[in-house]
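Enquirer: model27.cif (mmCIF, C-alpha atoms) pasted underneath:
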```cif
data_upload
loop_
_atom_site.group_PDB
_atom_site.id
_atom_site.type_symbol
_atom_site.label_atom_id
_atom_site.label_comp_id
_atom_site.auth_asym_id
_atom_site.auth_seq_id
_atom_site.Cartn_x
_atom_site.Cartn_y
_atom_site.Cartn_z
ATOM 1 C CA ALA A 1 19.756 -3.200 -20.473
ATOM 2 C CA GLY A 2 18.476 0.164 -19.219
ATOM 3 C CA LEU A 3 18.253 -0.657 -15.535
ATOM 4 C CA ASP A 4 19.309 1.937 -12.981
ATOM 5 C CA ARG A 5 18.409 0.111 -9.761
ATOM 6 C CA VAL A 6 17.564 -3.360 -8.502
ATOM 7 C CA ASN A 7 15.782 -4.711 -5.442
ATOM 8 C CA VAL A 8 16.915 -8.080 -4.122
ATOM 9 C CA SER A 9 14.939 -10.228 -1.692
ATOM 10 C CA LEU A 10 17.139 -11.651 1.037
ATOM 11 C CA ASP A 11 15.555 -12.882 4.264
ATOM 12 C CA THR A 12 18.638 -14.345 5.917
ATOM 13 C CA VAL A 13 22.420 -14.345 5.850
ATOM 14 C CA ASP A 14 22.575 -17.791 7.449
ATOM 15 C CA ALA A 15 23.212 -20.583 4.949
ATOM 16 C CA ASP A 16 21.127 -23.162 6.818
ATOM 17 C CA THR A 17 18.131 -20.853 7.148
ATOM 18 C CA PHE A 18 18.465 -19.885 3.477
ATOM 19 C CA GLU A 19 18.338 -23.556 2.495
ATOM 20 C CA LYS A 20 15.283 -24.102 4.695
ATOM 21 C CA LEU A 21 13.440 -21.181 3.093
ATOM 22 C CA THR A 22 14.428 -21.724 -0.545
ATOM 23 C CA ARG A 23 15.197 -25.460 -0.667
ATOM 24 C CA ARG A 24 18.476 -24.462 -2.277
ATOM 25 C CA ARG A 25 21.921 -24.121 -0.741
ATOM 26 C CA ARG A 26 22.759 -21.032 -2.792
ATOM 27 C CA LEU A 27 23.161 -18.175 -0.355
ATOM 28 C CA ASP A 28 26.635 -17.468 -1.742
ATOM 29 C CA ASP A 29 25.150 -16.979 -5.212
ATOM 30 C CA VAL A 30 22.738 -14.331 -3.924
ATOM 31 C CA LEU A 31 25.461 -12.518 -2.024
ATOM 32 C CA ALA A 32 27.677 -12.609 -5.125
ATOM 33 C CA GLY A 33 24.772 -11.207 -7.136
ATOM 34 C CA LEU A 34 24.403 -8.313 -4.735
ATOM 35 C CA ALA A 35 28.095 -7.538 -5.044
ATOM 36 C CA ALA A 36 27.893 -7.764 -8.835
ATOM 37 C CA ALA A 37 24.958 -5.332 -8.903
ATOM 38 C CA ALA A 38 26.903 -2.839 -6.830
ATOM 39 C CA HIS A 39 29.987 -3.288 -9.018
ATOM 40 C CA ALA A 40 27.874 -2.675 -12.131
ATOM 41 C CA GLY A 41 26.709 0.658 -10.724
ATOM 42 C CA LEU A 42 23.138 -0.323 -9.833
ATOM 43 C CA THR A 43 23.461 1.635 -6.624
ATOM 44 C CA PRO A 44 22.303 1.997 -4.021
ATOM 45 C CA VAL A 45 21.402 -1.680 -4.065
ATOM 46 C CA LYS A 46 18.204 -2.289 -2.128
ATOM 47 C CA VAL A 47 17.667 -5.409 -0.050
ATOM 48 C CA ASN A 48 14.145 -6.432 0.971
ATOM 49 C CA ALA A 49 13.721 -8.764 3.938
ATOM 50 C CA VAL A 50 10.685 -10.385 5.504
ATOM 51 C CA LEU A 51 10.951 -11.715 9.044
ATOM 52 C CA MET A 52 8.970 -14.851 9.903
ATOM 53 C CA ARG A 53 8.260 -15.874 13.457
ATOM 54 C CA GLY A 54 10.324 -18.806 14.629
ATOM 55 C CA ILE A 55 12.326 -18.932 11.396
ATOM 56 C CA ASN A 56 14.433 -15.810 10.939
ATOM 57 C CA ASP A 57 12.895 -13.222 13.267
ATOM 58 C CA HIS A 58 16.062 -13.228 15.379
ATOM 59 C CA GLU A 59 18.207 -12.226 12.390
ATOM 60 C CA ALA A 60 17.190 -8.582 12.032
ATOM 61 C CA PRO A 61 20.450 -7.199 13.524
ATOM 62 C CA ASP A 62 22.563 -9.621 11.462
ATOM 63 C CA LEU A 63 20.848 -8.613 8.224
ATOM 64 C CA LEU A 64 21.350 -4.946 9.023
ATOM 65 C CA ALA A 65 24.996 -5.488 9.943
ATOM 66 C CA TYR A 66 25.641 -7.209 6.617
ATOM 67 C CA CYS A 67 23.957 -4.446 4.621
ATOM 68 C CA LEU A 68 25.748 -1.701 6.521
ATOM 69 C CA GLU A 69 29.074 -3.413 5.887
ATOM 70 C CA HIS A 70 28.472 -3.555 2.134
ATOM 71 C CA GLY A 71 26.630 -0.275 1.649
ATOM 72 C CA TYR A 72 23.263 -1.805 0.746
ATOM 73 C CA GLN A 73 19.929 -0.216 1.678
ATOM 74 C CA LEU A 74 17.922 -2.617 3.832
ATOM 75 C CA ARG A 75 14.130 -2.533 4.005
ATOM 76 C CA PHE A 76 12.196 -4.854 6.297
ATOM 77 C CA ILE A 77 8.717 -5.658 5.020
ATOM 78 C CA GLU A 78 5.878 -6.914 7.182
ATOM 79 C CA GLN A 79 4.692 -10.286 5.939
ATOM 80 C CA MET A 80 1.603 -9.640 3.824
ATOM 81 C CA PRO A 81 -1.337 -11.853 2.772
ATOM 82 C CA LEU A 82 0.182 -12.688 -0.591
ATOM 83 C CA ASP A 83 1.386 -16.235 0.046
ATOM 84 C CA ALA A 84 0.626 -19.045 -2.380
ATOM 85 C CA GLN A 85 -0.916 -21.247 0.316
ATOM 86 C CA HIS A 86 -3.226 -18.464 1.605
ATOM 87 C CA ARG A 87 -2.179 -19.368 5.139
ATOM 88 C CA TRP A 88 -1.190 -15.868 6.242
ATOM 89 C CA GLN A 89 -2.285 -15.098 9.781
ATOM 90 C CA ARG A 90 -2.050 -11.770 11.523
ATOM 91 C CA ALA A 91 -1.195 -13.482 14.814
ATOM 92 C CA THR A 92 2.019 -14.988 13.433
ATOM 93 C CA MET A 93 3.166 -11.937 11.493
ATOM 94 C CA VAL A 94 6.232 -10.107 12.832
ATOM 95 C CA THR A 95 5.074 -6.500 13.171
ATOM 96 C CA ALA A 96 6.942 -3.279 12.511
ATOM 97 C CA ASP A 97 7.080 -2.572 16.252
ATOM 98 C CA GLU A 98 8.729 -5.945 16.856
ATOM 99 C CA ILE A 99 11.223 -5.398 14.043
ATOM 100 C CA LEU A 100 12.215 -2.005 15.397
ATOM 101 C CA ASP A 101 12.461 -3.380 18.929
ATOM 102 C CA ARG A 102 14.873 -6.107 17.829
ATOM 103 C CA LEU A 103 16.994 -3.710 15.815
ATOM 104 C CA SER A 104 17.102 -1.291 18.747
ATOM 105 C CA GLN A 105 18.764 -3.955 20.879
ATOM 106 C CA ALA A 106 21.871 -3.597 18.696
ATOM 107 C CA TYR A 107 21.562 -0.130 17.152
ATOM 108 C CA THR A 108 20.335 3.336 17.988
ATOM 109 C CA LEU A 109 17.509 4.175 15.609
ATOM 110 C CA THR A 110 16.304 7.719 15.030
ATOM 111 C CA PRO A 111 13.278 8.469 12.825
ATOM 112 C CA ALA A 112 14.293 10.258 9.640
ATOM 113 C CA ASP A 113 12.469 13.363 8.468
ATOM 114 C CA THR A 114 8.934 12.126 7.816
ATOM 115 C CA ALA A 115 8.216 15.173 5.636
ATOM 116 C CA GLN A 116 10.640 13.777 3.035
ATOM 117 C CA ARG A 117 8.913 10.378 2.900
ATOM 118 C CA GLY A 118 6.246 11.503 0.457
ATOM 119 C CA SER A 119 4.738 8.485 -1.272
ATOM 120 C CA ALA A 120 7.610 6.153 -0.378
ATOM 121 C CA PRO A 121 6.377 2.962 1.283
ATOM 122 C CA ALA A 122 9.229 2.706 3.779
ATOM 123 C CA GLU A 123 9.551 4.541 7.076
ATOM 124 C CA LEU A 124 13.233 5.406 7.349
ATOM 125 C CA PHE A 125 15.387 5.455 10.468
ATOM 126 C CA TRP A 126 18.927 6.735 10.867
ATOM 127 C CA VAL A 127 21.224 3.989 12.166
ATOM 128 C CA ASP A 128 23.519 5.159 14.972
ATOM 129 C CA GLY A 129 23.082 8.753 13.863
ATOM 130 C CA GLY A 130 23.499 8.107 10.142
ATOM 131 C CA PRO A 131 24.255 8.530 7.345
ATOM 132 C CA ALA A 132 23.082 4.936 6.847
ATOM 133 C CA THR A 133 19.382 4.221 7.157
ATOM 134 C CA VAL A 134 17.136 1.220 7.577
ATOM 135 C CA GLY A 135 13.540 1.139 6.419
ATOM 136 C CA VAL A 136 10.399 -0.619 7.555
ATOM 137 C CA ILE A 137 7.478 -1.140 5.193
ATOM 138 C CA ALA A 138 4.507 -1.743 7.487
ATOM 139 C CA SER A 139 1.730 -2.348 5.003
ATOM 140 C CA VAL A 140 -0.409 -4.147 7.592
ATOM 141 C CA THR A 141 0.032 -2.349 10.910
ATOM 142 C CA ARG A 142 0.842 1.127 9.564
ATOM 143 C CA PRO A 143 -0.894 1.367 6.168
ATOM 144 C CA PHE A 144 0.165 4.246 3.930
ATOM 145 C CA CYS A 145 -2.572 3.928 1.289
ATOM 146 C CA GLY A 146 -3.483 7.613 1.505
ATOM 147 C CA ALA A 147 -0.098 8.647 0.116
ATOM 148 C CA CYS A 148 0.467 5.684 -2.218
ATOM 149 C CA ASN A 149 1.095 6.491 -5.893
ATOM 150 C CA ARG A 150 2.291 3.030 -6.934
ATOM 151 C CA VAL A 151 1.033 0.792 -9.709
ATOM 152 C CA ARG A 152 2.558 -2.468 -10.836
ATOM 153 C CA LEU A 153 3.098 -3.944 -14.288
ATOM 154 C CA THR A 154 3.323 -7.708 -13.962
ATOM 155 C CA ALA A 155 5.678 -9.872 -15.975
ATOM 156 C CA ASP A 156 2.729 -11.059 -18.090
ATOM 157 C CA GLY A 157 1.593 -7.551 -18.996
ATOM 158 C CA GLN A 158 -1.151 -6.815 -16.468
ATOM 159 C CA VAL A 159 -1.547 -3.500 -14.654
ATOM 160 C CA ARG A 160 -2.380 -3.805 -10.967
ATOM 161 C CA ASN A 161 -3.377 -0.501 -9.405
ATOM 162 C CA CYS A 162 -2.783 -1.971 -5.948
ATOM 163 C CA LEU A 163 -0.653 -4.885 -4.863
ATOM 164 C CA PHE A 164 -3.785 -6.340 -3.240
ATOM 165 C CA ALA A 165 -6.127 -5.671 -6.161
ATOM 166 C CA ARG A 166 -8.358 -8.577 -7.162
ATOM 167 C CA GLU A 167 -8.682 -7.310 -10.734
ATOM 168 C CA GLU A 168 -6.055 -6.495 -13.359
ATOM 169 C CA SER A 169 -6.020 -4.477 -16.587
ATOM 170 C CA ASP A 170 -4.553 -6.250 -19.597
ATOM 171 C CA LEU A 171 -1.929 -4.427 -21.662
ATOM 172 C CA ARG A 172 -0.238 -7.392 -23.298
ATOM 173 C CA GLY A 173 -3.273 -8.424 -25.348
ATOM 174 C CA PRO A 174 -3.937 -4.993 -26.867
ATOM 175 C CA LEU A 175 -0.200 -4.411 -27.395
ATOM 176 C CA ARG A 176 0.163 -7.642 -29.370
ATOM 177 C CA ALA A 177 -2.993 -6.761 -31.308
ATOM 178 C CA GLY A 178 -1.403 -3.512 -32.501
ATOM 179 C CA ALA A 179 -2.859 -0.963 -30.062
ATOM 180 C CA SER A 180 -1.353 2.512 -30.342
ATOM 181 C CA ASP A 181 0.577 4.234 -27.566
ATOM 182 C CA THR A 182 -2.426 6.516 -27.067
ATOM 183 C CA GLU A 183 -4.748 3.543 -26.583
ATOM 184 C CA LEU A 184 -2.353 1.892 -24.138
ATOM 185 C CA ALA A 185 -1.972 5.132 -22.194
ATOM 186 C CA GLU A 186 -5.749 5.416 -21.934
ATOM 187 C CA ARG A 187 -5.937 1.873 -20.588
ATOM 188 C CA CYS A 188 -3.343 2.773 -17.959
ATOM 189 C CA ARG A 189 -5.285 5.889 -16.977
ATOM 190 C CA ALA A 190 -8.497 3.870 -16.693
ATOM 191 C CA ALA A 191 -6.736 1.334 -14.469
ATOM 192 C CA VAL A 192 -5.412 4.038 -12.148
ATOM 193 C CA ALA A 193 -8.816 5.750 -12.015
ATOM 194 C CA THR A 194 -10.332 2.712 -10.307
ATOM 195 C CA LYS A 195 -7.666 2.530 -7.594
ATOM 196 C CA LEU A 196 -9.426 2.098 -4.249
ATOM 197 C CA PRO A 197 -8.676 4.377 -1.283
ATOM 198 C CA GLY A 198 -7.116 1.517 0.669
ATOM 199 C CA HIS A 199 -6.053 -2.132 0.446
ATOM 200 C CA GLY A 200 -8.575 -3.232 3.072
ATOM 201 C CA ILE A 201 -6.317 -5.733 4.845
ATOM 202 C CA ASN A 202 -7.709 -4.640 8.200
ATOM 203 C CA ASP A 203 -11.319 -4.912 7.041
ATOM 204 C CA PRO A 204 -13.236 -8.092 8.002
ATOM 205 C CA SER A 205 -14.385 -8.414 4.383
ATOM 206 C CA PHE A 206 -10.824 -8.471 2.980
ATOM 207 C CA LEU A 207 -10.142 -11.215 0.460
ATOM 208 C CA GLN A 208 -6.608 -12.177 -0.483
ATOM 209 C CA PRO A 209 -5.744 -11.788 -4.186
ATOM 210 C CA SER A 210 -5.808 -15.055 -6.091
ATOM 211 C CA ARG A 211 -2.254 -14.552 -7.366
ATOM 212 C CA PRO A 212 0.543 -14.841 -4.798
ATOM 213 C CA MET A 213 3.482 -12.449 -4.763
ATOM 214 C CA SER A 214 5.662 -14.888 -6.698
ATOM 215 C CA ALA A 215 3.134 -14.841 -9.569
ATOM 216 C CA ILE A 216 2.531 -11.090 -9.479
ATOM 217 C CA GLY A 217 6.175 -10.127 -9.891
ATOM 218 C CA GLY A 218 6.647 -6.906 -11.824
#
```
As structure tokens, please, write out the structure in this file.

Expert:
Amino acid sequence: AGLDRVNVSLDTVDADTFEKLTRRRRLDDVLAGLAAAAHAGLTPVKVNAVLMRGINDHEAPDLLAYCLEHGYQLRFIEQMPLDAQHRWQRATMVTADEILDRLSQAYTLTPADTAQRGSAPAELFWVDGGPATVGVIASVTRPFCGACNRVRLTADGQVRNCLFAREESDLRGPLRAGASDTELAERCRAAVATKLPGHGINDPSFLQPSRPMSAIGG
């Protein structure tokens, strides 16, 4: 269907924890899906994991071990204020420093060449000297807004120039109304032109977007 890569969210490799998080006992289906993606050539398969205090924060080494065994690229993501309940609290978030500390209890981590990071959101670390790496996306404690070049097209045709933007630019409506490629491109340029210099999570005036991550998609 034209895909070259896929990202898969997987926060645990423990069946009981998976059921607690998803209300489904389908961990095996997700693991089979990862294997199928790799078999289909969608490589390297990326796995995104979020650690939550008291739920799966002890599983960082296990997640990395599983991904190393199967050749997947693991990226830990700090929990961000994009939850449907709007109950995110900085005090309960597992930070990048904590993630790295827990991984370092089982592996030797060496920072990869930061000059090659560019606009990539993940800080990469060689695992036991490489060649495998593990990444940490620390949007909250180590914001990378200054180098960010990302925009997001949601599943319902809205352009978000920042994951935490409170406004969106509609492409679906004009597209269905017969807008030309030139008109759509201009709308995209206008959306990018209003991208703020930072997400503002650490500002006292920060307001969480109305749409949670599950509704943003993209």

Enquirer: Can you find the residues with an atom no farther than 6 Å from (12.9, -18.8, 7.8), counting all atoms listed in the file, and report them as a tab-separated table (two decimals) with C-alpha atoms, in the frame of the given file?

Expert:
```
chain	number	residue	atom	x	y	z
A	17	THR	CA	18.13	-20.85	7.15
A	21	LEU	CA	13.44	-21.18	3.09
A	52	MET	CA	8.97	-14.85	9.90
A	55	ILE	CA	12.33	-18.93	11.40
A	56	ASN	CA	14.43	-15.81	10.94
```

Enquirer: Just give me the gap between CA of Phe144 in chain A and CA of Asn202 in chain A in Å, one decimal is fine.

Expert: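 Atom-to-atom, CA of Phe144 in chain A and CA of Asn202 in chain A are spaced 12.6 Å apart.
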
Enquirer: Nearest to Leu163 in chain A: which of A:His39, A:Arg23, A:Val8, A:Met213 is it, counting all atoms listed in the file?

Expert: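 Using all atoms listed in the file, the shortest distance to Leu163 in chain A belongs to A:Met213.
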
Enquirer: Would you mind listing what lies within 6 Å of Thr154 in chain A as a compact mmCIF listing (two decimals) with C-alpha atoms, in the coordinates of the input, with only C-alpha atoms counted and same-chain residues fewer than 2 positions away left out?

Expert:
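out_8.txt, written as the output of this step:
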```
# COMPACT_ATOMS: atom_id res chain seq x y z
CA ASP A 156 2.73 -11.06 -18.09
CA GLY A 157 1.59 -7.55 -19.00
CA GLN A 158 -1.15 -6.82 -16.47
CA ILE A 216 2.53 -11.09 -9.48
CA GLY A 217 6.18 -10.13 -9.89
CA GLY A 218 6.65 -6.91 -11.82
```

Enquirer: Nearest to Thr95 in chain A among A:Leu34, A:Leu68, A:Val50, A:Leu74, with distances taken over only C-alpha atoms: which residue is it?

Expert: A:Val50

Enquirer: Taking 3 positions as the minimum chain separation for residues in the same chain, which residues sit within 12 Å of range 97-108 of chain A when counting all atoms listed in the file? Answer as an NGL selection string.

Expert: :A and (49-53 or 56-65 or 68 or 75-79 or 92-94 or 111 or 123-130 or 132-138 or 140-142)

Enquirer: Could you tell me, as a short mmCIF file (atom, residue, chain, number, x, y, z; two decimals) with C-alpha atoms, keeping the file's coordinate frame, exactly which residues end up selected when the PyMOL selection byres ((chain A and resi 150) around 12) is applied to this structure?

Expert:
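Saved to part.cif:
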```cif
data_model
loop_
_atom_site.label_atom_id
_atom_site.label_comp_id
_atom_site.auth_asym_id
_atom_site.auth_seq_id
_atom_site.Cartn_x
_atom_site.Cartn_y
_atom_site.Cartn_z
CA GLY A 118 6.25 11.50 0.46
CA SER A 119 4.74 8.48 -1.27
CA ALA A 120 7.61 6.15 -0.38
CA PRO A 121 6.38 2.96 1.28
CA PHE A 144 0.16 4.25 3.93
CA CYS A 145 -2.57 3.93 1.29
CA GLY A 146 -3.48 7.61 1.50
CA ALA A 147 -0.10 8.65 0.12
CA CYS A 148 0.47 5.68 -2.22
CA ASN A 149 1.10 6.49 -5.89
CA VAL A 151 1.03 0.79 -9.71
CA ARG A 152 2.56 -2.47 -10.84
CA LEU A 153 3.10 -3.94 -14.29
CA VAL A 159 -1.55 -3.50 -14.65
CA ARG A 160 -2.38 -3.80 -10.97
CA ASN A 161 -3.38 -0.50 -9.40
CA CYS A 162 -2.78 -1.97 -5.95
CA LEU A 163 -0.65 -4.88 -4.86
CA PHE A 164 -3.78 -6.34 -3.24
CA ALA A 191 -6.74 1.33 -14.47
CA VAL A 192 -5.41 4.04 -12.15
CA LYS A 195 -7.67 2.53 -7.59
CA GLY A 218 6.65 -6.91 -11.82
#
```

Enquirer: Which one is closest to Gly41 in chain A: A:Leu3, A:Cys67, A:Leu10, A:Leu109? Count only C-alpha atoms.

Expert: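 When distances to Gly41 in chain A are compared using only C-alpha atoms, the smallest one comes from A:Leu3.
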
Enquirer: For range 82-84 of chain A, work out the shell of residues within 9 Å, counting only C-alpha atoms and skipping chain neighbours fewer than 5 positions away, then give it as a list in words.

Expert: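 Counting only C-alpha atoms, the residues come to Leu163, Phe164, Gln208, Pro209, Ser210, Arg211, Pro212, Met213, Ser214 and Ala215 of chain A.
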
Enquirer: In Å, rounded to a single decimal, give me how far CA of Gln73 in chain A is from CA of Arg117 in chain A.

Expert: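 Spanning CA of Arg117 in chain A to CA of Gln73 in chain A is a straight-line distance of 15.3 Å.
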
Enquirer: Name the residues captured by the PyMOL selection byres ((chain A and resi 174) around 12) when it is applied to the shown file; answer as number ranges by chain.

Expert: A: 157-158, 169-173, 175-188

Enquirer: Please rebuild range 174-188 of chain A with N, CA, C and O atoms and return the result as a short mmCIF file (atom, residue, chain, number, x, y, z; two decimals), in the frame of the given file.

Expert:
```cif
data_model
loop_
_atom_site.label_atom_id
_atom_site.label_comp_id
_atom_site.auth_asym_id
_atom_site.auth_seq_id
_atom_site.Cartn_x
_atom_site.Cartn_y
_atom_site.Cartn_z
N PRO A 174 -3.82 -6.10 -25.91
CA PRO A 174 -3.94 -4.99 -26.87
C PRO A 174 -2.61 -4.64 -27.56
O PRO A 174 -2.59 -4.31 -28.73
N LEU A 175 -1.50 -4.72 -26.80
CA LEU A 175 -0.20 -4.41 -27.40
C LEU A 175 0.12 -5.37 -28.54
O LEU A 175 0.54 -4.94 -29.62
N ARG A 176 -0.12 -6.65 -28.33
CA ARG A 176 0.16 -7.64 -29.37
C ARG A 176 -0.82 -7.53 -30.53
O ARG A 176 -0.54 -7.99 -31.64
N ALA A 177 -1.99 -6.93 -30.25
CA ALA A 177 -2.99 -6.76 -31.31
C ALA A 177 -2.78 -5.47 -32.10
O ALA A 177 -3.57 -5.16 -33.00
N GLY A 178 -1.73 -4.71 -31.74
CA GLY A 178 -1.40 -3.51 -32.50
C GLY A 178 -1.95 -2.21 -31.95
O GLY A 178 -2.01 -1.20 -32.67
N ALA A 179 -2.33 -2.19 -30.67
CA ALA A 179 -2.86 -0.96 -30.06
C ALA A 179 -1.80 0.14 -30.11
O ALA A 179 -0.60 -0.11 -29.97
N SER A 180 -2.26 1.36 -30.30
CA SER A 180 -1.35 2.51 -30.34
C SER A 180 -0.92 2.90 -28.94
O SER A 180 -1.51 2.48 -27.94
N ASP A 181 0.13 3.73 -28.86
CA ASP A 181 0.58 4.23 -27.57
C ASP A 181 -0.54 5.00 -26.86
O ASP A 181 -0.69 4.92 -25.64
N THR A 182 -1.33 5.74 -27.64
CA THR A 182 -2.43 6.52 -27.07
C THR A 182 -3.47 5.59 -26.44
O THR A 182 -3.96 5.85 -25.34
N GLU A 183 -3.77 4.51 -27.12
CA GLU A 183 -4.75 3.54 -26.58
C GLU A 183 -4.22 2.87 -25.32
O GLU A 183 -4.95 2.67 -24.34
N LEU A 184 -2.94 2.52 -25.32
CA LEU A 184 -2.35 1.89 -24.14
C LEU A 184 -2.32 2.86 -22.96
O LEU A 184 -2.59 2.48 -21.82
N ALA A 185 -1.99 4.12 -23.25
CA ALA A 185 -1.97 5.13 -22.19
C ALA A 185 -3.36 5.31 -21.59
O ALA A 185 -3.51 5.47 -20.37
N GLU A 186 -4.38 5.27 -22.43
CA GLU A 186 -5.75 5.42 -21.93
C GLU A 186 -6.13 4.23 -21.05
O GLU A 186 -6.81 4.39 -20.04
N ARG A 187 -5.69 3.05 -21.42
CA ARG A 187 -5.94 1.87 -20.59
C ARG A 187 -5.25 2.01 -19.22
O ARG A 187 -5.81 1.63 -18.19
N CYS A 188 -4.06 2.56 -19.22
CA CYS A 188 -3.34 2.77 -17.96
C CYS A 188 -4.08 3.79 -17.10
O CYS A 188 -4.24 3.61 -15.89
#
```
